Protein chains: 2
Amino acid sequence: MARTKDPAICTLLIERAAQMLRAREPVTLRSIVAGTGVSTMAVYTYFGGMDGLWRATRQEGFTRLAARLRAVPLSADPVRDLAALGAAYLSNALVNPDLYRVMFDAGFELEDPAAADATLHCLVTTIQRAKELGRFRPDADPLALATQSWVIGHGLVSLVTTGPLERQALDHGAPMLTALFISYGDEPDACRRSVELGWHPYPHPSDP
Amino acid sequence: MARTKDPAICTLLIERAAQMLRAREPVTLRSIVAGTGVSTMAVYTYFGGMDGLWRATRQEGFTRLAARLRAVPLSADPVRDLAALGAAYLSNALVNPDLYRVMFDAGFELEDPAAADATLHCLVTTIQRAKELGRFRPDADPLALATQSWVIGHGLVSLVTTGPLERQALDHGAPMLTALFISYGDEPDACRRSVELGWHPYPHPSDP
DNA sequence: TGGCTAAACATAGCATCGCTATGTAATGTG
DNA sequence: CACATTACATAGCGATGCTATGTTTAGCCA
C-alpha cells in the first residue's frame, strides 16, 4: 500500500468549515485550505469534493447535538427531562445556527444515519421512562411523541434562526411541549411544573 | 424618459426560476435567460442581481401561499377552519417544496413584508372568531396561538421536505394541532371532531 | 534492508459562475 | 423633430468547483 490518510487533516478541514460558517464567511474550496498549508486536492482525497465536505460537516453537527443532549443531567422526573432535552436542542441550534442549517439542508444524507436516530432515541427512552412512571397513557407511542417534540423544536429553531420569528418566540416552546405532553396523558398541573423546571430556552455562551 | 420596463419579462423570469426550481435544475443566471431571448442584463435591470431575483422568488412563494390559504372554504366551525388552513399550508409547501425552501432561506428579507404577515393574520382572524364562539379561553392570545400553529406546520413541512421524516409523518399534524387547541381551552371531544373535519394533509395534484 | 507499487498530495488549467464595463437601440419629452 | 434617458446586448473579469497530470511518500514482500 501507500500513505495513509491523516485524520488530523480531516478534522481540521471540518473544524475550519464550521468556523467559517459561524463567522459568516463564504465557505469556498480555496478559502478553506488557505493558510492551512494543505492544497485544494485534500478536500477531494478526504471527502470526494465539496458535497462530501458538506456531508461531513452535517455529520459534525449531529455529533455536537448528540453531545449536548448527552450532557443534559437527567433527574427522577422524566417530563422535566424531556423539557430539558428540548431546551438543549434549541440551545445547540442557537449556538451554531449555520451548522444547524447545514444539518437540515436539501439533500439530507449522512454517512452515519444512526447519528440522527440516536438523538431521537435519546428522547424515546426518556418518554418510555415517563410511561413506566404513569405520566403518559399506557398506549402512548413513544416514537410518535418524540417525533412531535422534534417537530416543535425544529419549527421554533428554524423560524427563529432564518428570521421570520424573533428570538423571544422560543418561549412558545414551553407551552407547546406542555400541551403536547398533556395530550399524551400527563396530569396538567404536574406537567406544567415539570416543564417549567426543565425549560431553559436560552443558550449558554459556551460553545463546545 | 425612455423605454419602460416590461412587467411581462419580470414575471417570466420569476416564473422560469420557480419552474427550474421545481425541475431540480440548477438555477443560474445564464440558464434562466437561455431560450427566452432576453440577455443576462435583464436580471440586473429588473432585480439588481441574483439576490434580487431570489428575493422576488421568495415573494412569489408567499403570494402563492396567500392565494392557497384564501382559497380555503371557511365554515361555521372556526376550529375546523384552522385545521383546514393548516392542511392548506402543508399542501402548498408539498406542491412546491423548493419554492418553500427559498421562502425560508437564510437572509430572510422581503420587499413586501406585509405578505408574510398577511398569512399569519389569516390565522389570527379565524382564531378570533373561535374565541367569540367560546371555543378558546377569553384570555387566549390569538397571535400566540397562530404563531404556535405556524411552528407546527413549518416544523412538519421542513422535516419532511428536507428528508429526515417520511411524508407519512404529516399525519402528526392533526393530533398536534388538536393538543394545541385543547390547551387553549377548546373542549377535547369537539376539538377532535373539528380538526378531523378540516384536516386534509395530502396535496392536490393541481399547482396554481 | 531495499525496491516496487499504490495512495496521498501539489500544480496548473478548464468550464462556468455572478457580475460589470461599455456600446447600441429605443422611447418619452421639450 | 432632436435630444436625453433608459432598457438591453455583448464582451470580459475575477472567482468558483473540479479534473488532469506529475511528484512525493509510505507500506509490503522478497
# chains A, B, ... in the order shown; residues from 1 in each chain; ligands from 1

call {"tool": "residues_around", "arguments": {"residues": "B:Leu85", "least_positions_apart": "5", "cutoff": "9 Å", "atoms": "only C-alpha atoms (C1' of nucleotides)", "output": "PyMOL selection string"}}
result
chain B and resi 68-70+72+80+90+122-123+198-199

call {"tool": "residues_around", "arguments": {"residues": "stretch 21-30 of chain C", "least_positions_apart": "3", "cutoff": "10 Å", "atoms": "only C-alpha atoms (C1' of nucleotides)", "output": "list in words"}}
result
Met1, Ala2, Arg3 and Thr4 of chain B; DA2, DC3, DA4, DT5, DT6, DA7, DC8, DA9, DT10, DA11, DG12 and DC13 of chain D

call {"tool": "interface_residues", "arguments": {"of": "chain D", "to": "chain A", "cutoff": "7 Å", "atoms": "only C-alpha atoms (C1' of nucleotides)", "output": "ChimeraX atom specification"}}
result
/D:25-28

call {"tool": "interface_residues", "arguments": {"of": "chain B", "to": "chain A", "cutoff": "9 Å", "atoms": "only C-alpha atoms", "output": "ChimeraX atom specification"}}
result
/B:101,104-109,116,144,147-148,150-159,161-165,169,172-173,175-176,178-184

call {"tool": "atom_distance", "arguments": {"atom1": "atom CA of B:Ala83", "atom2": "atom CA of B:Arg135"}}
result
13.9 Å

call {"tool": "atom_distance", "arguments": {"atom1": "atom CA of B:Thr45", "atom2": "atom CA of B:Arg58"}}
result
18.5 Å

call {"tool": "closest_atom_pairs", "arguments": {"of": "chain C", "to": "chain A", "cutoff": "9 Å", "atoms": "only C-alpha atoms (C1' of nucleotides)", "output": "JSON lines"}}
result
{"residue": "C:DT5", "atom": "C1'", "partner": "A:Met1", "partner_atom": "CA", "distance": 7.0}
{"residue": "C:DA6", "atom": "C1'", "partner": "A:Met1", "partner_atom": "CA", "distance": 5.4}
{"residue": "C:DA7", "atom": "C1'", "partner": "A:Ala2", "partner_atom": "CA", "distance": 4.8}
{"residue": "C:DA8", "atom": "C1'", "partner": "A:Arg3", "partner_atom": "CA", "distance": 6.0}
{"residue": "C:DC9", "atom": "C1'", "partner": "A:Met41", "partner_atom": "CA", "distance": 7.0}
{"residue": "C:DA10", "atom": "C1'", "partner": "A:Ser39", "partner_atom": "CA", "distance": 6.6}

call {"tool": "select_by_dssp", "arguments": {"residues": "stretch 14-190 of chain A", "states": "helix (DSSP H, G or I)", "output": "ChimeraX atom specification"}}
result
/A:14-22,29-33,41-47,50-70,78-95,97-103,114-132,142-161,167-183,188-190

call {"tool": "write_last_selection", "arguments": {"atoms": "C-alpha atoms", "output": "short mmCIF file (atom, residue, chain, number, x, y, z; two decimals), in the first residue's frame"}}
result
data_model
loop_
_atom_site.label_atom_id
_atom_site.label_comp_id
_atom_site.auth_asym_id
_atom_site.auth_seq_id
_atom_site.Cartn_x
_atom_site.Cartn_y
_atom_site.Cartn_z
CA ILE A 14 -14.31 20.16 9.06
CA GLU A 15 -13.45 22.34 12.03
CA ARG A 16 -12.38 25.11 9.69
CA ALA A 17 -15.57 24.82 7.65
CA ALA A 18 -17.68 25.05 10.81
CA GLN A 19 -15.63 28.01 11.99
CA MET A 20 -16.02 29.89 8.72
CA LEU A 21 -19.70 29.07 8.79
CA ARG A 22 -20.03 30.63 12.23
CA LEU A 29 -12.81 25.32 -1.61
CA ARG A 30 -9.88 27.70 -1.80
CA SER A 31 -10.73 29.71 1.30
CA ILE A 32 -10.89 26.55 3.39
CA VAL A 33 -7.41 25.35 2.55
CA MET A 41 -6.89 18.37 -3.58
CA ALA A 42 -7.04 17.33 0.06
CA VAL A 43 -10.74 18.09 0.04
CA TYR A 44 -11.11 15.58 -2.77
CA THR A 45 -8.94 12.84 -1.33
CA TYR A 46 -10.67 13.14 2.04
CA PHE A 47 -14.26 13.94 1.10
CA MET A 50 -17.33 19.90 -1.64
CA ASP A 51 -20.50 17.82 -1.37
CA GLY A 52 -18.66 15.33 0.75
CA LEU A 53 -17.30 18.05 2.98
CA TRP A 54 -20.79 19.44 3.48
CA ARG A 55 -21.96 15.93 4.33
CA ALA A 56 -19.15 15.56 6.85
CA THR A 57 -19.99 18.97 8.29
CA ARG A 58 -23.60 17.88 8.63
CA GLN A 59 -22.38 14.81 10.48
CA GLU A 60 -20.32 17.03 12.77
CA GLY A 61 -23.47 18.98 13.52
CA PHE A 62 -25.27 15.84 14.63
CA THR A 63 -22.28 14.82 16.69
CA ARG A 64 -22.31 18.11 18.56
CA LEU A 65 -26.05 17.88 19.03
CA ALA A 66 -25.74 14.37 20.44
CA ALA A 67 -23.01 15.52 22.80
CA ARG A 68 -25.15 18.39 24.02
CA LEU A 69 -28.16 16.15 24.60
CA ARG A 70 -26.00 13.61 26.39
CA PRO A 78 -38.74 12.30 33.04
CA VAL A 79 -41.15 15.01 31.91
CA ARG A 80 -38.82 17.61 33.34
CA ASP A 81 -36.01 15.86 31.47
CA LEU A 82 -37.98 15.98 28.23
CA ALA A 83 -38.31 19.74 28.59
CA ALA A 84 -34.62 19.99 29.41
CA LEU A 85 -33.75 17.97 26.32
CA GLY A 86 -35.93 20.23 24.20
CA ALA A 87 -34.24 23.29 25.66
CA ALA A 88 -30.84 21.75 24.96
CA TYR A 89 -31.90 21.13 21.39
CA LEU A 90 -32.80 24.78 20.99
CA SER A 91 -29.65 25.86 22.76
CA ASN A 92 -27.45 23.82 20.46
CA ALA A 93 -29.12 25.23 17.38
CA LEU A 94 -28.81 28.81 18.59
CA VAL A 95 -25.12 28.50 19.42
CA PRO A 97 -27.16 28.41 13.76
CA ASP A 98 -25.29 27.96 10.49
CA LEU A 99 -24.16 24.48 11.39
CA TYR A 100 -27.77 23.70 12.25
CA ARG A 101 -28.92 24.98 8.89
CA VAL A 102 -26.43 22.75 7.10
CA MET A 103 -27.69 19.76 9.09
CA ALA A 114 -27.56 6.24 13.16
CA ALA A 115 -26.32 9.58 14.49
CA ALA A 116 -29.65 11.22 13.69
CA ASP A 117 -31.58 8.27 15.04
CA ALA A 118 -29.56 8.40 18.23
CA THR A 119 -30.83 11.86 19.07
CA LEU A 120 -34.41 10.70 18.59
CA HIS A 121 -33.71 7.57 20.59
CA CYS A 122 -32.50 9.78 23.42
CA LEU A 123 -35.99 11.26 23.56
CA VAL A 124 -37.69 7.89 23.13
CA THR A 125 -36.03 6.33 26.17
CA THR A 126 -36.99 9.30 28.34
CA ILE A 127 -40.56 9.03 27.10
CA GLN A 128 -40.52 5.34 27.87
CA ARG A 129 -39.38 6.16 31.38
CA ALA A 130 -42.27 8.59 31.75
CA LYS A 131 -44.68 5.89 30.63
CA GLU A 132 -43.34 3.47 33.21
CA PRO A 142 -43.02 6.92 22.34
CA LEU A 143 -41.66 7.38 18.81
CA ALA A 144 -44.66 9.45 17.82
CA LEU A 145 -44.32 11.71 20.84
CA ALA A 146 -40.57 12.03 20.27
CA THR A 147 -41.17 12.96 16.65
CA GLN A 148 -43.78 15.53 17.58
CA SER A 149 -41.46 17.07 20.15
CA TRP A 150 -38.80 17.23 17.47
CA VAL A 151 -41.22 18.96 15.12
CA ILE A 152 -41.87 21.65 17.72
CA GLY A 153 -38.18 22.15 18.43
CA HIS A 154 -37.18 22.24 14.81
CA GLY A 155 -40.05 24.50 13.83
CA LEU A 156 -39.13 27.00 16.51
CA VAL A 157 -35.43 26.98 15.78
CA SER A 158 -35.91 27.12 12.06
CA LEU A 159 -38.27 30.08 12.11
CA VAL A 160 -36.13 31.95 14.62
CA THR A 161 -32.73 31.43 13.01
CA ARG A 167 -35.66 35.14 19.36
CA GLN A 168 -38.25 35.71 22.05
CA ALA A 169 -40.60 33.38 20.20
CA LEU A 170 -38.61 30.49 21.65
CA ASP A 171 -40.68 31.00 24.79
CA HIS A 172 -43.51 29.32 22.92
CA GLY A 173 -41.62 26.07 23.36
CA ALA A 174 -42.68 25.51 26.96
CA PRO A 175 -46.46 25.87 26.49
CA MET A 176 -46.31 23.87 23.26
CA LEU A 177 -44.49 20.98 24.87
CA THR A 178 -46.82 21.19 27.84
CA ALA A 179 -49.87 20.96 25.58
CA LEU A 180 -48.30 18.02 23.78
CA PHE A 181 -47.44 16.12 26.95
CA ILE A 182 -50.88 16.72 28.41
CA SER A 183 -52.41 15.33 25.23
CA PRO A 188 -51.93 19.18 33.57
CA ASP A 189 -50.68 20.74 36.79
CA ALA A 190 -47.83 18.29 37.25
#

call {"tool": "atom_distance", "arguments": {"atom1": "atom CA of B:Gly37", "atom2": "atom C1' of D:DG17"}}
result
28.4 Å
